[in-house]
Amino acid sequence: MTRFNAWNVFKNGLNGQKGWSRQWRDPEPRSNYDVIIVGGGLHGLATAYYLAKNHNLNNIAVLEKGWIGGGNAGRNTTIVRSNYMMPGNHQFYEHSLKLWENLSHDLNYNVMFSQRVHVSLFHSPGAKDSYARRYNIMRLNGTDGELWDLKKLKKKIPILNYNNARFPIMGAAVQPRAGNARHDSAVWGYARSANALGVDIIQNCEVTGITRQNGNIDSLQTSKGSIKGKKIGFAVAGNTSRLWQMAQLGNLPIESHKLQAFVTEAIKPFLDHVVVYGVGGAHFYISQTDKGSLVFGGDLDWYKSYAQRGNLPIVQDVAEAAMAILPSIGRLRLLRHWAGIMDMSMDGTFFICKTPISNLYLNAGWNYGGFKASPASGWYFADLIANEQPHKYIQHHHLERFEQGINLDERGAGPDPKLHG
Amino acid sequence: MIRIKCPYCGERDHSEFTYGGDASIRYPALDASREDWTQAIFFRENIRGFQKETWHHLNGCRMWLEIERSTVTHEIKSVKPCHPDLQKIMDSKK
Ligand SMILES: Cc1cc2nc3c(=O)[nH]c(=O)nc-3n(C[C@H](O)[C@H](O)[C@H](O)COP(=O)(O)OP(=O)(O)OC[C@H]3O[C@@H](n4cnc5c(N)ncnc54)[C@H](O)[C@@H]3O)c2cc1C
Ligand SMILES: [Zn+2]
C-alpha cells in the first residue's frame with residue numbers, strides 16, 4: 001500500500017499517477033479465522049481495524065454481502081456530534097468525536113472531517129430550557145456546548161427565515177466541535193488501514209446460515225462457502241434480526257425502519273453550518289457538501305420496512321420543513337433521494353454486548369445516529385471481543401437492560417422504536 | 001404511497017393512517033413474570049416479509065385496523081378491523 005503524503009502526491013503527479021497500488025486486496029475467504037465480523041459497513045470495518053491495531057489480532061475477516069459501504073454507511077447524512085446526556089452514552093459519543101478529530105491522520109486517509117458547528121434551532125422558552133439542561137450536562141462532562149441568542153444566530157447564519165416563520169426562531173443550542181465527514185472516505189479509509197494490518201475484507205459474501213455446535217457457533221454458511229470462526233461479531237445494522245434468527249436466538253428489542261436522505265443540485269457556498277430544525281412535528285437537518293449540493297433529511301417513514309426506498313409523504317414533509325426555515329432554497333431541484341434500513345432500538349440506544357452464545361458478540365441498535373458513532377463503536381466492540389469484558393462506558397449497553405429497568409432513553413419516548421431519532 | 005382499503009371508508013393513502021406496530025403481540029396476565037412482560041413490551045420478531053400489524057385510521061373513521069403487509073414490497077394482503085365486533089356490525093348493515 002502506497003502511503004499518501006506530499007512526496008508521493010508530487011512524485012505521482014510527475015509520472016502520470018502510475019505509482020499508486022490497490023487500496024485493499026480482494027481476497028477469497030480462508031476456511032478459518034480467529035474473528036469474523038459480519039457486515040462491511042462502518043461499524044464492521046472499524047471493529048476489524050481496532051481489533052488489529054489495538055489488540056494485535058491478525059487473522060480477521062469482514063464478510064459483506066454486497067460491497068463495503070453499500071448499506072447505511074454510504075446512505076447517511078454524515079452528521080457527527082456528541083450532544084448526548086445519558087451516562088455512558090455521553091462518554092461514548094464524546095470519545096467518538098475525539099477519534100473523528102484525528103481520524104484522517106490515524107488512517108492516513110482524508111475523511112474530510114469538517115467541524116463546521118452543529119446548530120439546533122429552538123422556538124419556545126420550553127425548548128430553550130430543555131436544550132440548556134442537555135448542553136449544561138454536556139459541559140459538566142467536558143464537552144463543548146453553547147446557547148446562541150437571536151442576535152448572535154442572525155449574525156452567524158443570516159439566511160434563515162427570521163421574518164414570518166410559523167414558529168419564530170428564538171435562538172439555538174450549538175456544539176462548535178460537531179460537523180460532517182465524508183462517509184465513503186471513512187469506509188475506504190478504515191478498509192484500507194484494516195487491510196494493511198492483514199484483515200481480509202470479503203465482498204459479495206452473504207451469510208445465509210449459521211451452524212451451531214455444543215451451543216457455540218461453529219461456522220457460517222455463506223455465498224462463498226462455509227467459513228469457521230473462533231469468535232463471531234454481528235455488525236449488520238438493519239438486518240440484525242435476520243442474523244439473530246439464523247443463530248436461533250429468537251427476538252430482539254429492535255425494529256427495522258427506513259430513513260431517507262435528499263440531495264439537491266450544487267450551488268455556490270451558501271450554508272456553513274449543520275442546521276437542525278424540529279418543532280411541531282417537523283424534523284429537518286441540513287448541510288452543504290464540498291461539491292455544493294445541499295444534503296438533508298427528516299423523520300423516518302413511520303412504518304416498519306426493509307425496503308431501501310423512501311415514500312412520498314416524507315418527501316413532502318421534508319420539503320415543507322425546508323421551506324419553513326430556508327425559503328431561499330425553494331427553487332432548487334432535488335437530484336436524488338434514497339433510503340437506508342436502520343436498526344431502531346426500543347429505547348433509542350445501541351447494543352455492544354455479549355450474547356447467549358459465548359463466542360457471538362452483538363453490535364446493533366444504532367437508530368439514526370450510527371455514523372458519528374462508528375469510530376467508538378469499532379473501538380469498544382473490538383475491546384469487548386478481545387478482552388471479553390465490556391468497558392465501563394458500555395456496561396449497560398446490553399440486551400438485559402430492559403428487564404433490569406435501566407433503559408437508556410435520551411428522548412424519553414418510550415418503547416416504540418419509530419419514535420427514537 | 002401505500003394504499004389501504006379501510007373497511008369503512010374505502011381505499012385511502014397511507015398518510016391518512018398512523019402505523020401502530022406488530023399485531024401479534026399479546027400482553028400477558030397482570031401478575032405474569034417480569035420476563036414475560038419484558039418480552040411482550042420490548043422484544044420483536046421484526047419480520048422481513050408478510051407480517052400482521054396495526055394501523056389507526058387517524059384522519060378518517062378512526063378505526064384501528066389489523067393489516068397483513070409485506071415489509072419488503074409493502075404489498076397488502078388483508079385488512080380488517082382489530083375489534084371483531086366491528087366487522088359483525090358492518091356486515092349486518094350491508
Ligand atoms: C438516510 C440516513 C441518514 C442518516 N444520517 C445519519 C447522520 O447524519 N449521522 C449519524 O451519525 N448517523 C446517521 N445515520 C445512521 C448511520 O448511517 C447508521 O447508524 C450506520 O451507518 C450503521 O452502521 P454501519 O455503517 O455498520 O451499517 P451498514 O453500512 O448498513 O452496514 C451493515 C452491512 O451489513 C451487511 N449485511 C447485512 N446482512 C448481511 C449478511 N447476511 N451477510 C453479510 N453482510 C450482511 C449489509 O450489506 C451492510 O453493508 C443515517 C442513516 C440513514 C439511513
Ligand atoms: Zn376508515
# chains A, B, ... in the order shown; residues from 1 in each chain; ligands from 1
$ residues_near_ligand --ligand "ligand 1" --cutoff "7 Å" --atoms "only C-alpha atoms and all ligand atoms" --output "PyMOL selection string"
chain A and resi 38-44+63-80+205-208+235-239+243+258-261+297+339-342+366-374
$ interface_residues --of "chain A" --to "chain B" --cutoff "7 Å" --atoms "only C-alpha atoms" --output "short mmCIF file (atom, residue, chain, number, x, y, z; two decimals) with all heavy atoms, in the first residue's frame"
data_model
loop_
_atom_site.label_atom_id
_atom_site.label_comp_id
_atom_site.auth_asym_id
_atom_site.auth_seq_id
_atom_site.Cartn_x
_atom_site.Cartn_y
_atom_site.Cartn_z
N SER A 241 -31.91 -8.52 13.07
CA SER A 241 -32.89 -9.53 13.49
C SER A 241 -32.77 -10.79 12.64
O SER A 241 -32.96 -11.90 13.12
CB SER A 241 -34.31 -8.98 13.37
OG SER A 241 -34.48 -7.89 14.23
N ASN A 251 -36.15 -13.31 19.52
CA ASN A 251 -36.47 -11.91 19.24
C ASN A 251 -35.45 -10.95 19.82
O ASN A 251 -34.71 -11.28 20.74
CB ASN A 251 -37.86 -11.57 19.80
CG ASN A 251 -38.96 -12.36 19.10
OD1 ASN A 251 -38.71 -13.06 18.12
ND2 ASN A 251 -40.18 -12.24 19.59
N LEU A 252 -35.46 -9.71 19.30
CA LEU A 252 -34.56 -8.66 19.77
C LEU A 252 -35.35 -7.39 20.05
O LEU A 252 -36.41 -7.18 19.45
CB LEU A 252 -33.54 -8.32 18.67
CG LEU A 252 -32.30 -9.19 18.51
CD1 LEU A 252 -31.52 -8.73 17.28
CD2 LEU A 252 -31.42 -9.08 19.76
N PRO A 253 -34.83 -6.51 20.91
CA PRO A 253 -35.51 -5.21 21.13
C PRO A 253 -35.21 -4.23 20.00
O PRO A 253 -34.78 -3.10 20.24
CB PRO A 253 -34.95 -4.74 22.47
CG PRO A 253 -33.66 -5.46 22.63
CD PRO A 253 -33.70 -6.71 21.80
N ILE A 254 -35.43 -4.68 18.76
CA ILE A 254 -35.08 -3.89 17.58
C ILE A 254 -36.17 -4.05 16.53
O ILE A 254 -36.72 -5.13 16.35
CB ILE A 254 -33.74 -4.39 16.98
CG1 ILE A 254 -32.58 -4.04 17.90
CG2 ILE A 254 -33.50 -3.83 15.58
CD1 ILE A 254 -31.23 -4.57 17.43
N GLU A 255 -36.48 -2.93 15.83
CA GLU A 255 -37.31 -2.99 14.62
C GLU A 255 -36.56 -2.31 13.49
O GLU A 255 -35.85 -1.33 13.72
CB GLU A 255 -38.63 -2.25 14.83
CG GLU A 255 -39.76 -3.11 15.32
CD GLU A 255 -41.07 -2.33 15.40
OE1 GLU A 255 -41.20 -1.26 14.78
OE2 GLU A 255 -41.98 -2.82 16.10
N SER A 256 -36.76 -2.79 12.27
CA SER A 256 -36.10 -2.19 11.11
C SER A 256 -37.02 -1.16 10.47
O SER A 256 -38.15 -1.47 10.10
CB SER A 256 -35.74 -3.27 10.10
OG SER A 256 -34.81 -4.16 10.69
N TRP A 302 -42.13 6.16 9.23
CA TRP A 302 -43.21 5.93 10.20
C TRP A 302 -43.85 4.55 10.16
O TRP A 302 -44.80 4.29 10.88
CB TRP A 302 -44.32 6.98 10.11
CG TRP A 302 -43.88 8.36 10.47
CD1 TRP A 302 -44.00 9.49 9.72
CD2 TRP A 302 -43.25 8.79 11.69
NE1 TRP A 302 -43.48 10.57 10.37
CE2 TRP A 302 -43.02 10.18 11.57
CE3 TRP A 302 -42.85 8.13 12.86
CZ2 TRP A 302 -42.40 10.92 12.59
CZ3 TRP A 302 -42.24 8.88 13.87
CH2 TRP A 302 -42.03 10.24 13.72
N TYR A 303 -43.42 3.67 9.28
CA TYR A 303 -43.90 2.29 9.35
C TYR A 303 -42.71 1.37 9.12
O TYR A 303 -41.78 1.72 8.40
CB TYR A 303 -45.01 2.01 8.33
CG TYR A 303 -44.65 2.35 6.90
CD1 TYR A 303 -44.00 1.42 6.10
CD2 TYR A 303 -44.93 3.60 6.36
CE1 TYR A 303 -43.64 1.73 4.80
CE2 TYR A 303 -44.57 3.92 5.07
CZ TYR A 303 -43.92 2.99 4.30
OH TYR A 303 -43.56 3.30 3.02
N LYS A 304 -42.75 0.20 9.73
CA LYS A 304 -41.64 -0.74 9.65
C LYS A 304 -41.40 -1.15 8.20
O LYS A 304 -42.34 -1.39 7.46
CB LYS A 304 -41.99 -1.97 10.49
CG LYS A 304 -40.79 -2.63 11.10
CD LYS A 304 -41.14 -3.99 11.62
CE LYS A 304 -40.77 -5.03 10.60
NZ LYS A 304 -41.09 -6.38 11.04
N SER A 305 -40.15 -1.25 7.79
CA SER A 305 -39.87 -1.62 6.41
C SER A 305 -38.43 -2.08 6.22
O SER A 305 -37.51 -1.56 6.84
CB SER A 305 -40.13 -0.41 5.50
OG SER A 305 -39.75 -0.71 4.18
N TYR A 306 -38.26 -3.05 5.34
CA TYR A 306 -36.94 -3.50 4.91
C TYR A 306 -36.64 -3.04 3.49
O TYR A 306 -35.71 -3.53 2.86
CB TYR A 306 -36.84 -5.02 4.96
CG TYR A 306 -36.61 -5.63 6.33
CD1 TYR A 306 -37.68 -6.02 7.13
CD2 TYR A 306 -35.32 -5.84 6.80
CE1 TYR A 306 -37.47 -6.62 8.37
CE2 TYR A 306 -35.10 -6.43 8.04
CZ TYR A 306 -36.17 -6.82 8.81
OH TYR A 306 -35.95 -7.40 10.03
N ALA A 307 -37.46 -2.14 2.93
CA ALA A 307 -37.27 -1.70 1.55
C ALA A 307 -36.31 -0.51 1.55
O ALA A 307 -36.56 0.47 2.23
CB ALA A 307 -38.60 -1.30 0.93
N ASN A 311 -40.70 6.78 0.75
CA ASN A 311 -42.07 7.00 0.31
C ASN A 311 -42.37 8.51 0.28
O ASN A 311 -41.69 9.31 0.89
CB ASN A 311 -43.02 6.26 1.25
CG ASN A 311 -44.23 5.74 0.50
OD1 ASN A 311 -44.71 6.38 -0.42
ND2 ASN A 311 -44.72 4.59 0.91
N LEU A 312 -43.44 8.86 -0.48
CA LEU A 312 -43.66 10.26 -0.82
C LEU A 312 -44.05 11.19 0.32
O LEU A 312 -43.66 12.35 0.33
CB LEU A 312 -44.69 10.35 -1.96
CG LEU A 312 -44.16 9.80 -3.29
CD1 LEU A 312 -45.28 9.71 -4.31
CD2 LEU A 312 -43.03 10.67 -3.82
N PRO A 313 -44.87 10.75 1.30
CA PRO A 313 -45.27 11.71 2.33
C PRO A 313 -44.07 12.37 3.02
O PRO A 313 -44.12 13.55 3.37
CB PRO A 313 -46.07 10.85 3.32
CG PRO A 313 -46.62 9.74 2.49
CD PRO A 313 -45.56 9.46 1.45
N MET A 346 -35.46 -0.20 21.11
CA MET A 346 -36.63 0.11 21.92
C MET A 346 -36.46 1.33 22.82
O MET A 346 -37.43 1.86 23.33
CB MET A 346 -37.00 -1.11 22.77
CG MET A 346 -37.79 -2.12 21.98
SD MET A 346 -39.46 -1.50 21.65
CE MET A 346 -40.08 -2.78 20.58
N PHE A 402 -33.50 -3.88 29.54
CA PHE A 402 -34.94 -3.60 29.62
C PHE A 402 -35.56 -4.33 30.81
O PHE A 402 -36.34 -3.76 31.55
CB PHE A 402 -35.62 -4.00 28.31
CG PHE A 402 -35.08 -3.24 27.16
CD1 PHE A 402 -34.18 -3.81 26.28
CD2 PHE A 402 -35.42 -1.91 26.97
CE1 PHE A 402 -33.64 -3.08 25.23
CE2 PHE A 402 -34.89 -1.17 25.93
CZ PHE A 402 -33.99 -1.77 25.06
N GLU A 403 -35.18 -5.59 30.96
CA GLU A 403 -35.73 -6.34 32.09
C GLU A 403 -35.23 -5.77 33.42
O GLU A 403 -35.92 -5.78 34.42
CB GLU A 403 -35.35 -7.82 31.97
CG GLU A 403 -36.16 -8.67 32.93
CD GLU A 403 -35.93 -10.16 32.75
OE1 GLU A 403 -35.51 -10.58 31.66
OE2 GLU A 403 -36.19 -10.89 33.72
N PRO A 415 -41.08 2.72 24.75
CA PRO A 415 -40.70 1.55 23.94
C PRO A 415 -41.41 1.46 22.60
O PRO A 415 -42.16 0.55 22.32
CB PRO A 415 -41.08 0.36 24.84
CG PRO A 415 -42.20 0.88 25.67
CD PRO A 415 -41.95 2.35 25.87
#
$ residues_near_ligand --ligand "ligand 2" --cutoff "9 Å" --atoms "only C-alpha atoms and all ligand atoms" --output "list of chain:residue names"
B:Lys5, B:Cys6, B:Pro7, B:Tyr8, B:Cys9, B:Gly10, B:Glu11, B:Arg12, B:Glu16, B:Phe17, B:His56, B:His57, B:Leu58, B:Asn59, B:Gly60, B:Cys61, B:Arg62, B:Met63, B:Trp64, B:Leu65
$ residues_around --residues "region 268-277 of chain A" --least-positions-apart "4" --cutoff "9 Å" --atoms "only C-alpha atoms" --output "NGL selection string"
:A and (79 or 115-122 or 157 or 159 or 178-180 or 282-288 or 290-294 or 321-322 or 325)
$ atom_distance --atom1 "CA of Pro327 (chain A)" --atom2 "CA of Thr289 (chain A)"
19.1 Å
$ atom_distance --atom1 "CA of Gly233 (chain A)" --atom2 "CA of Tyr380 (chain A)"
12.3 Å
$ select_by_dssp --residues "chain B" --states "alpha helix (DSSP H)" --output "list in words"
Arg34, Glu35, Asp36, Trp37, Thr38, Gln39, Ala40, Ile41, Phe42, Pro84, Asp85, Leu86, Gln87, Lys88, Ile89, Met90, Asp91, Ser92 and Lys93 of chain B
$ write_last_selection --atoms "C-alpha atoms" --output "PDB file, in the first residue's frame"
ATOM      1  CA  ARG B  34     -41.153  -9.818  34.720  1.00  0.00           C
ATOM      2  CA  GLU B  35     -39.575 -11.838  31.934  1.00  0.00           C
ATOM      3  CA  ASP B  36     -42.909 -12.343  30.152  1.00  0.00           C
ATOM      4  CA  TRP B  37     -43.711  -8.652  30.385  1.00  0.00           C
ATOM      5  CA  THR B  38     -40.258  -7.685  29.127  1.00  0.00           C
ATOM      6  CA  GLN B  39     -40.694  -9.941  26.111  1.00  0.00           C
ATOM      7  CA  ALA B  40     -44.141  -8.533  25.291  1.00  0.00           C
ATOM      8  CA  ILE B  41     -43.163  -4.880  25.635  1.00  0.00           C
ATOM      9  CA  PHE B  42     -39.601  -4.765  24.356  1.00  0.00           C
ATOM     10  CA  PRO B  84     -64.091  -8.470  15.690  1.00  0.00           C
ATOM     11  CA  ASP B  85     -67.490  -6.995  16.696  1.00  0.00           C
ATOM     12  CA  LEU B  86     -66.985  -4.022  14.363  1.00  0.00           C
ATOM     13  CA  GLN B  87     -66.755  -6.362  11.396  1.00  0.00           C
ATOM     14  CA  LYS B  88     -70.016  -8.005  12.505  1.00  0.00           C
ATOM     15  CA  ILE B  89     -71.791  -4.657  12.780  1.00  0.00           C
ATOM     16  CA  MET B  90     -70.616  -3.565   9.338  1.00  0.00           C
ATOM     17  CA  ASP B  91     -71.681  -6.875   7.828  1.00  0.00           C
ATOM     18  CA  SER B  92     -75.160  -6.601   9.408  1.00  0.00           C
ATOM     19  CA  LYS B  93     -75.677  -3.098   7.922  1.00  0.00           C
TER      20      LYS B  93
END
$ atom_distance --atom1 "CA of Asp301 (chain A)" --atom2 "CA of Ile314 (chain A)"
6.4 Å
$ closest_residue --among "A:Asn161, A:Gln316, A:Asn83, A:Asn56" --to "Phe262 (chain A)" --atoms "only C-alpha atoms"
A:Gln316
$ select_by_dssp --residues "region 270-302 of chain A" --states "strand (DSSP E)" --output "list of chain:residue names"
A:Val274, A:Val275, A:Val276, A:Tyr277, A:Gly278, A:Val279, A:Ala282, A:His283, A:Phe284, A:Tyr285, A:Ile286, A:Ser287, A:Gln288, A:Leu294, A:Val295, A:Phe296, A:Gly297, A:Gly298, A:Asp299, A:Leu300, A:Asp301, A:Trp302
$ write_last_selection --atoms "N, CA, C and O atoms" --output "CSV table (one decimal), in the first residue's frame"
chain,number,residue,atom,x,y,z
A,274,VAL,N,-24.1,23.0,10.1
A,274,VAL,CA,-25.2,22.0,10.1
A,274,VAL,C,-26.3,22.6,10.9
A,274,VAL,O,-26.1,23.1,12.0
A,275,VAL,N,-27.5,22.7,10.2
A,275,VAL,CA,-28.6,23.3,10.9
A,275,VAL,C,-29.7,22.3,11.1
A,275,VAL,O,-30.0,21.5,10.2
A,276,VAL,N,-30.2,22.2,12.3
A,276,VAL,CA,-31.3,21.3,12.7
A,276,VAL,C,-32.5,22.1,13.1
A,276,VAL,O,-32.4,23.0,13.9
A,277,TYR,N,-33.7,21.6,12.6
A,277,TYR,CA,-34.9,22.3,12.9
A,277,TYR,C,-35.9,21.3,13.3
A,277,TYR,O,-36.1,20.3,12.6
A,278,GLY,N,-36.5,21.4,14.5
A,278,GLY,CA,-37.5,20.4,14.9
A,278,GLY,C,-38.5,21.1,15.8
A,278,GLY,O,-38.2,21.4,16.9
A,279,VAL,N,-39.7,21.2,15.3
A,279,VAL,CA,-40.8,21.8,16.2
A,279,VAL,C,-42.1,21.4,15.6
A,279,VAL,O,-42.3,21.2,14.4
A,282,ALA,N,-42.4,18.8,12.9
A,282,ALA,CA,-41.4,18.9,11.8
A,282,ALA,C,-40.0,18.4,12.3
A,282,ALA,O,-39.7,18.5,13.5
A,283,HIS,N,-39.2,17.8,11.4
A,283,HIS,CA,-37.9,17.4,11.8
A,283,HIS,C,-37.1,17.5,10.5
A,283,HIS,O,-37.4,17.0,9.5
A,284,PHE,N,-35.9,18.3,10.6
A,284,PHE,CA,-35.2,18.6,9.4
A,284,PHE,C,-33.8,18.9,9.8
A,284,PHE,O,-33.5,19.6,10.8
A,285,TYR,N,-32.8,18.4,9.0
A,285,TYR,CA,-31.4,18.7,9.3
A,285,TYR,C,-30.7,18.9,7.9
A,285,TYR,O,-31.0,18.1,7.0
A,286,ILE,N,-29.8,19.8,7.8
A,286,ILE,CA,-29.3,20.2,6.5
A,286,ILE,C,-27.8,20.6,6.6
A,286,ILE,O,-27.5,21.3,7.6
A,287,SER,N,-27.1,20.3,5.6
A,287,SER,CA,-25.7,20.9,5.5
A,287,SER,C,-25.4,20.9,4.0
A,287,SER,O,-26.1,20.4,3.2
A,288,GLN,N,-24.3,21.6,3.7
A,288,GLN,CA,-23.8,21.7,2.3
A,288,GLN,C,-22.6,20.9,2.1
A,288,GLN,O,-21.6,21.0,2.9
A,294,LEU,N,-26.8,20.6,-1.4
A,294,LEU,CA,-27.4,20.6,-0.1
A,294,LEU,C,-27.9,19.1,0.2
A,294,LEU,O,-28.6,18.5,-0.6
A,295,VAL,N,-27.5,18.6,1.4
A,295,VAL,CA,-27.8,17.3,1.8
A,295,VAL,C,-28.8,17.4,3.0
A,295,VAL,O,-28.4,18.2,3.9
A,296,PHE,N,-29.9,16.8,3.0
A,296,PHE,CA,-30.8,16.9,4.1
A,296,PHE,C,-31.7,15.7,4.3
A,296,PHE,O,-31.8,14.8,3.5
A,297,GLY,N,-32.3,15.7,5.5
A,297,GLY,CA,-33.2,14.6,5.8
A,297,GLY,C,-34.2,15.0,6.9
A,297,GLY,O,-34.2,16.2,7.4
A,298,GLY,N,-35.1,14.1,7.2
A,298,GLY,CA,-36.1,14.4,8.2
A,298,GLY,C,-36.4,13.2,9.1
A,298,GLY,O,-35.5,12.5,9.5
A,299,ASP,N,-37.7,12.9,9.3
A,299,ASP,CA,-38.1,11.7,10.0
A,299,ASP,C,-38.0,10.5,9.2
A,299,ASP,O,-37.9,10.5,8.0
A,300,LEU,N,-38.1,9.3,9.9
A,300,LEU,CA,-38.2,8.1,9.1
A,300,LEU,C,-39.6,7.9,8.6
A,300,LEU,O,-40.5,8.8,8.8
A,301,ASP,N,-39.9,6.9,7.8
A,301,ASP,CA,-41.1,6.7,7.1
A,301,ASP,C,-42.3,6.3,7.9
A,301,ASP,O,-43.4,6.1,7.4
A,302,TRP,N,-42.1,6.2,9.2
A,302,TRP,CA,-43.2,5.9,10.2
A,302,TRP,C,-43.8,4.5,10.2
A,302,TRP,O,-44.8,4.3,10.9
$ decode --residues "region 370-378 of chain A" --atoms "all heavy atoms" --output "tab-separated table (two decimals), in the first residue's frame"
chain	number	residue	atom	x	y	z
A	370	GLY	N	-25.80	6.26	13.92
A	370	GLY	CA	-24.64	5.38	13.95
A	370	GLY	C	-23.44	5.84	13.14
A	370	GLY	O	-22.36	5.27	13.28
A	371	PHE	N	-23.59	6.85	12.30
A	371	PHE	CA	-22.42	7.29	11.53
A	371	PHE	C	-21.38	7.91	12.46
A	371	PHE	O	-20.23	7.50	12.50
A	371	PHE	CB	-22.84	8.28	10.44
A	371	PHE	CG	-21.67	8.82	9.66
A	371	PHE	CD1	-20.93	8.00	8.82
A	371	PHE	CD2	-21.29	10.15	9.79
A	371	PHE	CE1	-19.83	8.50	8.12
A	371	PHE	CE2	-20.20	10.66	9.09
A	371	PHE	CZ	-19.47	9.83	8.26
A	372	LYS	N	-21.83	8.88	13.25
A	372	LYS	CA	-20.92	9.53	14.18
A	372	LYS	C	-20.30	8.56	15.16
A	372	LYS	O	-19.21	8.75	15.64
A	372	LYS	CB	-21.69	10.60	14.97
A	372	LYS	CG	-22.69	9.98	15.94
A	372	LYS	CD	-23.31	11.02	16.86
A	372	LYS	CE	-24.62	11.51	16.32
A	372	LYS	NZ	-25.71	10.51	16.44
A	373	ALA	N	-21.06	7.47	15.43
A	373	ALA	CA	-20.63	6.52	16.45
A	373	ALA	C	-19.57	5.56	15.93
A	373	ALA	O	-18.92	4.88	16.73
A	373	ALA	CB	-21.83	5.72	16.94
A	374	SER	N	-19.39	5.48	14.60
A	374	SER	CA	-18.60	4.36	14.08
A	374	SER	C	-17.20	4.21	14.68
A	374	SER	O	-16.83	3.08	15.01
A	374	SER	CB	-18.52	4.34	12.55
A	374	SER	OG	-19.19	5.33	11.94
A	375	PRO	N	-16.42	5.28	14.84
A	375	PRO	CA	-15.08	5.04	15.41
A	375	PRO	C	-15.15	4.43	16.82
A	375	PRO	O	-14.48	3.42	17.09
A	375	PRO	CB	-14.44	6.43	15.44
A	375	PRO	CG	-15.16	7.20	14.38
A	375	PRO	CD	-16.57	6.69	14.41
A	376	ALA	N	-15.96	5.01	17.69
A	376	ALA	CA	-16.04	4.47	19.06
A	376	ALA	C	-16.69	3.09	19.07
A	376	ALA	O	-16.32	2.22	19.86
A	376	ALA	CB	-16.81	5.43	19.97
A	377	SER	N	-17.65	2.89	18.18
A	377	SER	CA	-18.30	1.59	18.11
A	377	SER	C	-17.29	0.51	17.78
A	377	SER	O	-17.24	-0.54	18.42
A	377	SER	CB	-19.39	1.65	17.04
A	377	SER	OG	-19.85	0.37	16.73
A	378	GLY	N	-16.44	0.77	16.78
A	378	GLY	CA	-15.39	-0.18	16.43
A	378	GLY	C	-14.42	-0.37	17.58
A	378	GLY	O	-14.01	-1.48	17.91
